[in-house]
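So this one's run-v5.cif, mmCIF, C-alpha atoms and all ligand atoms:
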```
data_query
loop_
_atom_site.label_atom_id
_atom_site.label_comp_id
_atom_site.auth_asym_id
_atom_site.auth_seq_id
_atom_site.Cartn_x
_atom_site.Cartn_y
_atom_site.Cartn_z
CA MET A 1 17.65 -5.34 13.64
CA ALA A 2 14.63 -4.28 11.60
CA MET A 3 13.65 -0.76 10.69
CA GLN A 4 11.87 1.23 13.43
CA LEU A 5 9.47 4.02 12.52
CA ASP A 6 7.40 6.03 14.95
CA ASN A 7 4.99 7.34 12.36
CA VAL A 8 3.72 6.45 8.93
CA VAL A 9 6.16 7.93 6.47
CA PRO A 10 5.50 9.20 2.95
CA PHE A 11 7.36 6.57 0.94
CA GLY A 12 5.67 5.84 -2.39
CA ARG A 13 5.93 3.01 -4.85
CA SER A 14 5.70 3.04 -8.63
CA PHE A 15 3.04 1.70 -11.00
CA ASP A 16 5.27 -1.24 -11.89
CA GLU A 17 5.76 -2.06 -8.21
CA TYR A 18 1.98 -2.09 -7.71
CA VAL A 19 1.52 -4.37 -10.73
CA THR A 20 4.11 -6.77 -9.30
CA MET A 21 3.03 -6.58 -5.63
CA PHE A 22 -0.62 -7.20 -6.50
CA ASN A 23 -0.24 -9.60 -9.46
CA LEU A 24 -2.29 -7.11 -11.49
CA THR A 25 -3.36 -8.47 -14.88
CA PRO A 26 -4.56 -6.42 -17.87
CA THR A 27 -8.11 -7.46 -16.86
CA ASP A 28 -7.57 -6.16 -13.31
CA LEU A 29 -6.19 -2.91 -14.71
CA GLY A 30 -9.13 -2.58 -17.08
CA GLN A 31 -11.55 -1.95 -14.21
CA PRO A 32 -11.84 1.08 -11.92
CA ILE A 33 -9.52 0.60 -8.93
CA LEU A 34 -9.73 2.10 -5.45
CA SER A 35 -6.23 2.40 -4.01
CA VAL A 36 -6.38 3.04 -0.26
CA ALA A 37 -3.50 4.59 1.74
CA ASP A 38 -1.92 5.43 -1.59
CA GLY A 39 0.30 8.19 -0.19
CA PRO A 40 2.97 9.53 -2.54
CA ALA A 41 2.91 6.45 -4.77
CA SER A 42 3.01 7.13 -8.50
CA PHE A 43 0.48 4.35 -9.18
CA ASN A 44 -2.29 6.86 -9.91
CA ALA A 45 -0.09 9.29 -11.87
CA GLU A 46 1.46 6.63 -14.09
CA GLY A 47 -1.72 4.52 -14.32
CA THR A 48 -3.84 7.50 -15.37
CA SER A 49 -1.37 8.41 -18.10
CA LEU A 50 -1.67 4.79 -19.35
CA GLY A 51 -5.46 5.17 -19.51
CA HIS A 52 -6.40 3.29 -16.31
CA ARG A 53 -9.09 4.53 -13.90
CA ILE A 54 -7.55 4.78 -10.44
CA GLN A 55 -8.97 6.51 -7.38
CA SER A 56 -6.50 7.16 -4.57
CA VAL A 57 -7.45 7.95 -0.98
CA ASP A 58 -5.16 8.88 1.91
CA PRO A 59 -5.26 11.29 4.87
CA LEU A 60 -2.01 12.77 3.55
CA TYR A 61 -3.85 14.39 0.67
CA CYS A 62 -4.99 17.26 2.90
CA TYR A 63 -1.44 18.59 2.41
CA GLN A 64 0.15 20.24 -0.60
CA ALA A 65 2.55 18.25 -2.77
CA ARG A 66 5.45 20.43 -1.58
CA ASP A 67 4.65 19.63 2.09
CA ILE A 68 4.54 15.90 1.33
CA LYS A 69 7.86 16.14 -0.53
CA GLN A 70 9.36 18.09 2.37
CA ARG A 71 8.35 15.33 4.79
CA PHE A 72 9.85 12.72 2.43
CA ASP A 73 13.10 14.71 2.27
CA ALA A 74 13.16 14.96 6.07
CA VAL A 75 12.98 11.18 6.62
CA VAL A 76 14.61 9.60 3.56
CA ASP A 77 18.25 9.75 4.77
CA ASN A 78 17.35 8.17 8.10
CA ILE A 79 15.34 5.36 6.52
CA MET A 80 18.01 4.61 3.95
CA ALA A 81 20.63 4.50 6.72
CA GLN A 82 18.48 2.02 8.67
CA ILE A 83 18.15 -0.14 5.57
CA GLU A 84 21.90 -0.04 4.87
CA ASN A 85 22.58 -0.99 8.49
CA THR A 86 20.35 -4.08 8.30
CA PRO A 87 21.54 -5.77 5.06
CA ASP A 88 20.18 -9.21 6.00
CA ASP A 89 16.62 -7.88 6.23
CA TRP A 90 16.31 -6.93 2.54
CA VAL A 91 16.24 -8.69 -0.81
CA TRP A 92 17.78 -6.82 -3.71
CA SER A 93 16.02 -8.53 -6.58
CA TYR A 94 13.53 -5.86 -7.69
CA HIS A 95 15.52 -2.87 -6.45
CA HIS A 96 19.13 -3.74 -7.10
CA SER A 97 20.75 -1.86 -4.21
CA PRO A 98 19.95 0.72 -1.52
CA SER A 99 20.86 3.52 -3.92
CA ASP A 100 18.61 2.01 -6.62
CA LEU A 101 15.78 1.84 -4.05
CA ARG A 102 16.31 5.48 -3.11
CA LYS A 103 16.32 6.52 -6.76
CA ASN A 104 13.08 4.59 -7.38
CA ARG A 105 11.40 6.20 -4.32
CA GLU A 106 12.55 9.65 -5.48
CA ASN A 107 11.19 8.98 -8.98
CA ALA A 108 7.85 7.83 -7.59
CA ILE A 109 7.35 10.87 -5.35
CA GLN A 110 8.44 13.18 -8.15
CA LYS A 111 5.80 11.71 -10.51
CA PHE A 112 3.23 11.88 -7.72
CA CYS A 113 4.04 15.55 -7.00
CA GLN A 114 3.86 16.46 -10.68
CA ASP A 115 0.42 14.85 -10.97
CA PHE A 116 -1.07 15.73 -7.58
CA GLY A 117 -2.51 19.21 -8.39
CA GLN A 118 -4.22 18.10 -11.58
CA GLY A 119 -5.24 14.75 -10.08
CA LYS A 120 -6.80 16.47 -7.08
CA ALA A 121 -8.71 18.84 -9.37
CA GLU A 122 -9.94 15.81 -11.33
CA GLY A 123 -11.00 14.08 -8.09
CA ARG A 124 -8.43 11.26 -8.38
CA TYR A 125 -6.88 11.98 -4.95
CA ASP A 126 -9.36 12.08 -2.06
CA VAL A 127 -8.63 12.87 1.55
CA GLY A 128 -9.92 9.92 3.54
CA GLU A 129 -8.96 7.62 6.34
CA LEU A 130 -9.60 4.03 7.29
CA PRO A 131 -11.54 2.55 8.99
CA GLN A 132 -14.28 4.71 7.42
CA LEU A 133 -14.44 5.90 3.85
CA THR A 134 -17.23 7.79 2.10
CA TYR A 135 -17.58 5.78 -1.14
CA PRO A 136 -20.93 4.05 -1.83
CA ASP A 137 -21.42 0.30 -1.38
CA ALA A 138 -20.08 -1.88 -4.21
CA SER A 139 -18.74 1.09 -6.17
CA TYR A 140 -15.44 -0.58 -7.19
CA ASN A 141 -14.55 -4.08 -8.36
CA LEU A 142 -11.01 -3.96 -7.03
CA GLY A 143 -9.55 -2.32 -3.90
CA LEU A 144 -5.81 -2.26 -3.15
CA CYS A 145 -3.91 -1.39 0.00
CA SER A 146 -0.12 -1.30 -0.24
CA HIS A 147 2.21 -0.87 2.75
CA PHE A 148 -0.28 0.22 5.34
CA LEU A 149 -2.55 -2.56 6.69
CA PHE A 150 -0.56 -5.36 8.41
CA LEU A 151 2.70 -3.42 7.91
CA TYR A 152 1.73 -1.07 10.76
CA SER A 153 0.41 -3.85 13.03
CA GLU A 154 2.26 -2.42 16.00
CA GLN A 155 0.56 0.96 15.59
CA PHE A 156 -2.97 -0.25 14.69
CA ASP A 157 -4.75 -3.06 16.56
CA ARG A 158 -6.60 -6.06 15.14
CA THR A 159 -10.01 -4.39 15.45
CA PHE A 160 -8.77 -1.49 13.34
CA HIS A 161 -7.50 -3.99 10.77
CA LEU A 162 -10.74 -5.94 10.61
CA ASP A 163 -12.91 -2.81 10.48
CA SER A 164 -10.71 -1.32 7.75
CA ILE A 165 -10.80 -4.45 5.60
CA CYS A 166 -14.59 -4.77 6.05
CA GLU A 167 -14.91 -1.14 4.98
CA MET A 168 -12.86 -1.83 1.85
CA LEU A 169 -15.03 -4.92 1.16
CA ARG A 170 -18.18 -2.82 1.56
CA ILE A 171 -16.92 -0.64 -1.29
CA CYS A 172 -14.95 -3.14 -3.42
CA ARG A 173 -15.96 -6.62 -4.58
CA GLU A 174 -12.36 -7.80 -4.22
CA VAL A 175 -9.61 -6.50 -1.93
CA ARG A 176 -5.85 -7.12 -2.17
CA ILE A 177 -3.37 -6.23 0.56
CA PHE A 178 0.46 -6.27 0.48
CA PRO A 179 2.68 -6.96 2.38
CA LEU A 180 1.63 -9.25 5.25
CA LEU A 181 4.75 -8.51 7.32
CA THR A 182 5.17 -5.79 9.94
CA LEU A 183 7.86 -3.12 9.93
CA SER A 184 9.85 -5.51 12.15
CA LEU A 185 9.69 -8.08 9.32
CA GLN A 186 7.50 -10.42 11.35
CA PRO A 187 4.27 -11.98 10.06
CA SER A 188 1.48 -9.65 11.21
CA PRO A 189 0.07 -10.79 14.58
CA HIS A 190 -3.39 -9.70 13.36
CA LEU A 191 -3.50 -11.90 10.27
CA HIS A 192 -5.04 -15.06 11.77
CA PHE A 193 -7.68 -13.11 13.71
CA VAL A 194 -8.64 -11.12 10.60
CA LEU A 195 -8.80 -14.19 8.32
CA ALA A 196 -10.96 -16.16 10.78
CA ALA A 197 -13.31 -13.20 11.21
CA LEU A 198 -13.59 -12.70 7.44
CA GLU A 199 -14.51 -16.38 6.97
CA ASN A 200 -17.25 -15.97 9.58
CA LEU A 201 -18.51 -12.94 7.70
CA GLY A 202 -18.83 -14.93 4.45
CA TYR A 203 -15.59 -14.04 2.66
CA GLN A 204 -12.95 -16.30 1.21
CA TRP A 205 -9.26 -15.47 1.08
CA GLU A 206 -6.14 -16.57 -0.64
CA ILE A 207 -2.49 -15.76 0.08
CA GLN A 208 -0.67 -15.52 -3.24
CA PRO A 209 3.10 -15.44 -3.79
CA VAL A 210 4.22 -12.42 -5.79
CA ALA A 211 7.42 -11.60 -7.65
CA TYR A 212 8.05 -8.51 -5.50
CA GLU A 213 10.25 -8.92 -2.43
CA LEU A 214 12.10 -6.13 -0.63
CA GLN A 215 11.45 -7.00 3.02
CA ARG A 216 12.92 -10.50 3.33
CA ASN A 217 10.05 -13.05 3.09
CA GLY A 218 7.66 -10.20 2.32
CA ASN A 219 6.52 -11.67 -0.99
CA LYS A 220 2.93 -12.63 -0.17
CA MET A 221 -0.27 -10.83 -1.05
CA LEU A 222 -3.71 -11.36 0.52
CA LYS A 223 -6.68 -11.50 -1.83
CA ILE A 224 -10.22 -11.41 -0.34
CA THR A 225 -13.49 -12.01 -2.21
CA PRO A 226 -17.05 -12.91 -1.22
CA SER A 227 -17.33 -16.65 -0.59
CA VAL A 228 -18.84 -18.60 -3.49
CA ASN A 229 -21.20 -20.17 -0.93
CA GLY A 230 -21.87 -16.83 0.77
C1 LIG B 1 4.15 3.73 3.73
S1 LIG B 1 2.88 4.71 3.01
C2 LIG B 1 2.38 3.67 1.64
C3 LIG B 1 2.04 4.49 0.41
C4 LIG B 1 1.65 3.66 -0.81
N1 LIG B 1 0.49 2.84 -0.56
C5 LIG B 1 2.77 2.80 -1.32
O1 LIG B 1 2.80 1.59 -1.03
O2 LIG B 1 3.65 3.33 -1.99
C6 LIG B 1 1.52 4.50 4.14
C7 LIG B 1 0.38 5.45 3.87
O3 LIG B 1 -0.69 5.17 4.77
C8 LIG B 1 -1.37 6.38 4.99
N2 LIG B 1 -2.27 6.28 6.16
C9 LIG B 1 -2.00 6.49 7.46
N3 LIG B 1 -3.09 6.31 8.22
C10 LIG B 1 -4.10 5.95 7.37
C11 LIG B 1 -5.47 5.61 7.55
N4 LIG B 1 -6.04 5.57 8.76
N5 LIG B 1 -6.21 5.30 6.46
C12 LIG B 1 -5.64 5.30 5.22
N6 LIG B 1 -4.34 5.62 5.01
C13 LIG B 1 -3.57 5.93 6.06
C14 LIG B 1 -0.25 7.39 5.17
O4 LIG B 1 -0.68 8.71 5.02
C15 LIG B 1 0.73 6.93 4.10
O5 LIG B 1 0.55 7.65 2.91
#
```
Please lay out the structure from this file as structure tokens.
Amino acid sequence: MAMQLDNVVPFGRSFDEYVTMFNLTPTDLGQPILSVADGPASFNAEGTSLGHRIQSVDPLYCYQARDIKQRFDAVVDNIMAQIENTPDDWVWSYHHSPSDLRKNRENAIQKFCQDFGQGKAEGRYDVGELPQLTYPDASYNLGLCSHFLFLYSEQFDRTFHLDSICEMLRICREVRIFPLLTLSLQPSPHLHFVLAALENLGYQWEIQPVAYELQRNGNKMLKITPSVNG
């Protein structure tokens, strides 16, 4: 049985996980990146310290770091227990075991919390919520969305997905989304509708395999760009 979650939970991934999930090259990392639904990931904290320009946006950022950490602490045992009780659903190639996964999640949120105050003061963490963001048209080359769109297909309908992706494409020339599975480890039921609608709107897409796999079969990333004919 797959993991069941009633609400979006503040689990955050590391910079290295983002690089692997999104096949990020040095060229990708050399441009300003908008990372949507970034939550307590340490992508911004670690990336900024490496000299990259990363803007994170998430509704969670209206809270203090200590509140976000408290929420993490409140749910982490339950989520880890669900993972341990469903061994066939997970692949232990990147994270080597449930305890390694927990350690990596704790490290990520710790780095996020350490950076959040300064990052917020520097404007690197904005409060914002799909399907509408406030950034100007074409203000980023690359937009990323990790573990929100498609993952929460049961909570958000296909119109929300399409509107959210169009909003990211209004702001970013290229958008990448990972994973394409739901929390129940099923291919998102919204994917075909979204891809057909994007084609009609003049975008092209590609589903790329990536080296990151934790949810079994969750090793595919969607990349969307304007169509060369568009
Ligand atoms: C599972 S977390 C993923 C965090 C991070 N992207 C990562 O992969 O480590 C999902 C995030 O989606 C955020 N979220 C929920 N509703 C959202 C919305 N409408 N627009 C943008 N982000 C949203 C939550 O606050 C949460 O931080």
Once you count all atoms listed in the file, what closest atom pair and distance in Å to one decimal does each residue of chain A within 9 Å of ligand LIG 1 (chain B) have, with rows by chain and rising residue number, as JSON lines?
```
{"residue": "A:Asn7", "atom": "CA", "partner": "B:LIG1", "partner_atom": "C9", "distance": 8.6}
{"residue": "A:Val8", "atom": "CA", "partner": "B:LIG1", "partner_atom": "C14", "distance": 5.5}
{"residue": "A:Val9", "atom": "CA", "partner": "B:LIG1", "partner_atom": "C1", "distance": 5.4}
{"residue": "A:Pro10", "atom": "CA", "partner": "B:LIG1", "partner_atom": "O5", "distance": 5.2}
{"residue": "A:Phe11", "atom": "CA", "partner": "B:LIG1", "partner_atom": "C1", "distance": 5.1}
{"residue": "A:Gly12", "atom": "CA", "partner": "B:LIG1", "partner_atom": "O2", "distance": 3.2}
{"residue": "A:Arg13", "atom": "CA", "partner": "B:LIG1", "partner_atom": "O2", "distance": 3.7}
{"residue": "A:Ser14", "atom": "CA", "partner": "B:LIG1", "partner_atom": "O2", "distance": 7.0}
{"residue": "A:Glu17", "atom": "CA", "partner": "B:LIG1", "partner_atom": "O2", "distance": 8.5}
{"residue": "A:Tyr18", "atom": "CA", "partner": "B:LIG1", "partner_atom": "O1", "distance": 7.7}
{"residue": "A:Ser35", "atom": "CA", "partner": "B:LIG1", "partner_atom": "N1", "distance": 7.6}
{"residue": "A:Val36", "atom": "CA", "partner": "B:LIG1", "partner_atom": "C12", "distance": 6.0}
{"residue": "A:Ala37", "atom": "CA", "partner": "B:LIG1", "partner_atom": "N6", "distance": 3.5}
{"residue": "A:Asp38", "atom": "CA", "partner": "B:LIG1", "partner_atom": "N1", "distance": 3.7}
{"residue": "A:Gly39", "atom": "CA", "partner": "B:LIG1", "partner_atom": "O5", "distance": 3.2}
{"residue": "A:Pro40", "atom": "CA", "partner": "B:LIG1", "partner_atom": "C3", "distance": 5.9}
{"residue": "A:Ala41", "atom": "CA", "partner": "B:LIG1", "partner_atom": "O2", "distance": 4.2}
{"residue": "A:Ser42", "atom": "CA", "partner": "B:LIG1", "partner_atom": "O2", "distance": 7.6}
{"residue": "A:Phe43", "atom": "CA", "partner": "B:LIG1", "partner_atom": "O2", "distance": 7.9}
{"residue": "A:Val57", "atom": "CA", "partner": "B:LIG1", "partner_atom": "C12", "distance": 7.0}
{"residue": "A:Asp58", "atom": "CA", "partner": "B:LIG1", "partner_atom": "N6", "distance": 4.6}
{"residue": "A:Pro59", "atom": "CA", "partner": "B:LIG1", "partner_atom": "O4", "distance": 5.3}
{"residue": "A:Leu60", "atom": "CA", "partner": "B:LIG1", "partner_atom": "O4", "distance": 4.5}
{"residue": "A:Tyr61", "atom": "CA", "partner": "B:LIG1", "partner_atom": "O4", "distance": 7.8}
{"residue": "A:Arg105", "atom": "CA", "partner": "B:LIG1", "partner_atom": "O2", "distance": 8.6}
{"residue": "A:Ala108", "atom": "CA", "partner": "B:LIG1", "partner_atom": "O2", "distance": 8.3}
{"residue": "A:Val127", "atom": "CA", "partner": "B:LIG1", "partner_atom": "C12", "distance": 8.9}
{"residue": "A:Gly128", "atom": "CA", "partner": "B:LIG1", "partner_atom": "C12", "distance": 6.5}
{"residue": "A:Glu129", "atom": "CA", "partner": "B:LIG1", "partner_atom": "N5", "distance": 3.6}
{"residue": "A:Leu130", "atom": "CA", "partner": "B:LIG1", "partner_atom": "N5", "distance": 3.7}
{"residue": "A:Pro131", "atom": "CA", "partner": "B:LIG1", "partner_atom": "N4", "distance": 6.3}
{"residue": "A:Gln132", "atom": "CA", "partner": "B:LIG1", "partner_atom": "N5", "distance": 8.1}
{"residue": "A:Leu133", "atom": "CA", "partner": "B:LIG1", "partner_atom": "N5", "distance": 8.7}
{"residue": "A:Leu144", "atom": "CA", "partner": "B:LIG1", "partner_atom": "N1", "distance": 8.5}
{"residue": "A:Cys145", "atom": "CA", "partner": "B:LIG1", "partner_atom": "N1", "distance": 6.1}
{"residue": "A:Ser146", "atom": "CA", "partner": "B:LIG1", "partner_atom": "O1", "distance": 4.2}
{"residue": "A:His147", "atom": "CA", "partner": "B:LIG1", "partner_atom": "O1", "distance": 4.5}
{"residue": "A:Phe148", "atom": "CA", "partner": "B:LIG1", "partner_atom": "C6", "distance": 4.8}
{"residue": "A:Leu149", "atom": "CA", "partner": "B:LIG1", "partner_atom": "O3", "distance": 8.2}
{"residue": "A:Leu151", "atom": "CA", "partner": "B:LIG1", "partner_atom": "C1", "distance": 8.4}
{"residue": "A:Tyr152", "atom": "CA", "partner": "B:LIG1", "partner_atom": "C6", "distance": 8.7}
{"residue": "A:Phe156", "atom": "CA", "partner": "B:LIG1", "partner_atom": "N4", "distance": 8.9}
{"residue": "A:Phe160", "atom": "CA", "partner": "B:LIG1", "partner_atom": "N4", "distance": 8.8}
{"residue": "A:Ser164", "atom": "CA", "partner": "B:LIG1", "partner_atom": "N5", "distance": 8.1}
{"residue": "A:Phe178", "atom": "CA", "partner": "B:LIG1", "partner_atom": "O1", "distance": 8.3}
```
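Of the listed residues (A:Ser227, A:Thr134, A:Asn200, A:Thr86), A:Thr86 comes nearest to Gln215 (chain A); the distances count all atoms listed in the file.
Comparing the minimum interatomic distances between Glu174 (chain A) and each of A:Val228, A:Ile68, A:Leu142, A:Val76, counting only C-alpha atoms, we find that A:Leu142 sits nearest.
Our summary of the geometry notes that CA of Leu222 (chain A) is positioned 9.8 Å from CA of Leu191 (chain A).
The closest residue to Ser153 (chain A), picked from A:Leu181, A:Gly47, A:Lys220, A:Tyr135 and counting all atoms listed in the file, is A:Leu181.
Between CA of Gly143 (chain A) and CA of Leu198 (chain A) there is a distance of 15.9 Å.
Residue nearest Val19 (chain A), chosen from A:Asp100, A:Glu46, A:Tyr203, A:Asp88 and counting only C-alpha atoms: A:Glu46.
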Checklist outcome for this item: re CA of Glu213 (chain A) and CA of Asn104 (chain A): distance 14.7 Å
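Of the listed residues (A:His192, A:Arg173, A:Lys223, A:Lys111), A:Arg173 comes nearest to Gln31 (chain A); the distances count only C-alpha atoms.
When only C-alpha atoms are used to compute distances to Gln118 (chain A), the closest of the residues A:Leu29, A:Val91, A:Met168, A:Ala45 turns out to be A:Ala45.
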Checklist entry - Quick one: residues within 12 Å of Asp89 (chain A), only C-alpha atoms counted, chain neighbours fewer than 6 positions away excluded, as a PyMOL selection string? => result chain A and resi 1-3+82-83+181+183-186+213-218
